[in-house]
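Novice: Take this structure first; my questions come after.
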Amino acid sequence: MNTPTLVAPVSITRSRGVERLVRGQPTSDGAGVKLTRVLTQPLQQRLDPFLMLDAFGSDSASDYIGGFPDHPHRGFETVTIMKAGRMRHGDSVGNTGLLEPGSVQWMTAGRGIIHSEMPEQEEGRMAGFQLWVNLAARDKMQPPAYRDVPPAQVPAFMLDGGTAVRVIAGSTHGVTGAVTRPTTEPLVLDIVLPAGQSFELPLPAGHNAFAYVYGGVAVDIGGSPVASEHMAILRNEPGADGVRFTAPEGGQAAQILFVAGAPLREPIAQYGPFVMNTTQELHQAVADFQRGVLAT
Ligand code: MN
């Protein structure tokens, strides 16, 4: 892992509150990989520009061994955040990469890519997240791109008191993340908050934001308790300039995946692995895939 820089705390005046708590839905994808879909299709407009968040975590190989064999995407970006285990990425552009614990993969599907993510282990724990970030209409047909960020290249910072933050995307506290993206300006943080500590995070009021508590204990977010394995959708409040997280005294550290970004405010049309603006564009994506020209 990267050696975190010690930074000074940044104060906010008023925290956003929790608008709604969401419990993920157990599902499976790929060749039978068990996962929890935290951000589901009905929340896409509310959490624009984010389209999906899956959490996966299992000690049982039967839950992940099938992996994600070759499948297409068009019109958005995928962010894979590995916490445990190893997966091998390969795609139609010719990229290959090992997804190892602590690494991040940022794939821009653009006009089309076919890729696979297969487990590089037959036992042991596999855990992580996949987040889908939409592309603006004008960017959907850009050439595909792939970036593999090894654990040591994911910028991290620490505060007095032990709060540790990995900056996967965007910038905060003077630290710029592994990836920065124009237009949607995603801020993606993996936060470890020790018992009794608070962390204040400035945020533009217009950006949509959510926090997924994935480790151990409940966390107070803007005055409301958020239990483990729950996502808090944060209210867009004109008077709120950020969000405040507080871990309860005396327990274990809290782990939070925090995601925020600038909404695109464009129509969202999804058919499985394709996310466009209109039904006609979805038909075109399916036709291009069937004719074998989606990823050429
Ligand atoms: Mn995929």
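We name chains A, B, ... following the order of the structure tokens; residues begin at 1 in each chain, and ligands are numbered from 1 as shown.
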Mind running chain A against ligand 1 at 9 Å and telling me each contacting residue's nearest atom pair with the distance in Å (one decimal), counting only C-alpha atoms and all ligand atoms, chain and number ascending, as a Markdown table?
Specialist:
| residue | atom | partner | partner_atom_place_in_ligand_line | distance |
| --- | --- | --- | --- | --- |
| A:Gly30 | CA | ligand 1 | 1 (Mn) | 8.2 |
| A:Phe68 | CA | ligand 1 | 1 (Mn) | 7.1 |
| A:Pro69 | CA | ligand 1 | 1 (Mn) | 8.8 |
| A:Asp70 | CA | ligand 1 | 1 (Mn) | 8.2 |
| A:His71 | CA | ligand 1 | 1 (Mn) | 6.4 |
| A:Pro72 | CA | ligand 1 | 1 (Mn) | 6.9 |
| A:His73 | CA | ligand 1 | 1 (Mn) | 6.6 |
| A:Thr78 | CA | ligand 1 | 1 (Mn) | 7.3 |
| A:Ile114 | CA | ligand 1 | 1 (Mn) | 7.9 |
| A:His115 | CA | ligand 1 | 1 (Mn) | 6.3 |
| A:Ser116 | CA | ligand 1 | 1 (Mn) | 6.8 |
| A:Glu117 | CA | ligand 1 | 1 (Mn) | 7.4 |
| A:Gln130 | CA | ligand 1 | 1 (Mn) | 9.0 |
| A:Pro273 | CA | ligand 1 | 1 (Mn) | 7.3 |
Novice: At a cut-off of 12 Å, using only C-alpha atoms, what residues contact Pro143 of chain A? Leave out same-chain residues fewer than 3 positions from it and give the result as an MDAnalysis selection string.
Specialist: chainID A and resid 74:77 92:93 107:113 139:140 146 294:296
Novice: Extract, using only C-alpha atoms, all DNA, RNA and protein residues at most 10 Å from Asp59 of chain A, discarding same-chain residues fewer than 5 positions from it, and format them as a VMD selection string.
Specialist: chain A and resid 64 84 to 85 123 to 127
Novice: Write down as a ChimeraX atom specification the residues of segment 7-194 of chain A whose backbone DSSP state falls under strand (DSSP E).
Specialist: /A:18-23,25-29,33-39,50-58,68-73,76-84,87-91,96-99,104-108,113-119,126-134,145-149,156-158,164-169,171-172,175-176,187-193
Novice: Report, in Å to a single decimal, how far apart atom CA of Gln255 of chain A and atom CA of Val217 of chain A are.
Specialist: 8.1 Å
Novice: Between A:Gly128, A:Gly67, A:Pro155, A:Pro194, which residue has the minimum interatomic distance to Ala178 of chain A, considering only C-alpha atoms?
Specialist: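 Among the listed residues, the smallest separation from Ala178 of chain A belongs to A:Pro155.
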Novice: Do you have the atom CA of Val22 of chain A-atom CA of Met231 of chain A distance handy?
Specialist: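 Between atom CA of Val22 of chain A and atom CA of Met231 of chain A the gap works out to 5.0 Å.
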Novice: Skipping near chain neighbours, those fewer than 5 positions away, what residues fall within 9 Å of Met158 of chain A using only C-alpha atoms, listed as JSON, numbers by chain?
Specialist: {"A": [4, 5, 6, 7, 8, 163, 164, 165, 166]}
Novice: Show me, as a compact mmCIF listing (two decimals) with N, CA, C and O atoms, in the first residue's frame, the residues that have an atom within 6 Å of Val18 of chain A when counting only C-alpha atoms, minus same-chain residues fewer than 4 positions from it.
Specialist:
# COMPACT_ATOMS: atom_id res chain seq x y z
N ALA A 232 -26.09 5.02 2.37
CA ALA A 232 -26.82 6.24 2.70
C ALA A 232 -26.79 7.16 1.49
O ALA A 232 -25.70 7.52 1.02
N ILE A 233 -27.96 7.51 0.98
CA ILE A 233 -28.04 8.54 -0.06
C ILE A 233 -28.07 9.88 0.67
O ILE A 233 -28.89 10.08 1.57
N LEU A 234 -27.14 10.77 0.32
CA LEU A 234 -27.03 12.04 1.05
C LEU A 234 -27.85 13.12 0.37
O LEU A 234 -27.85 13.25 -0.86
N ARG A 235 -28.56 13.87 1.19
CA ARG A 235 -29.44 14.92 0.70
C ARG A 235 -28.61 16.01 0.00
O ARG A 235 -27.53 16.36 0.46
Novice: Could you name the residues that touch Phe210 of chain A at 12 Å or less, counting only C-alpha atoms, but leaving out those on the same chain fewer than 2 positions away, as a ChimeraX atom specification?
Specialist: /A:16-22,38-39,43,46-50,52-53,186-189,203,207-208,212-213,221-222,226,230-236,242-243,256-261
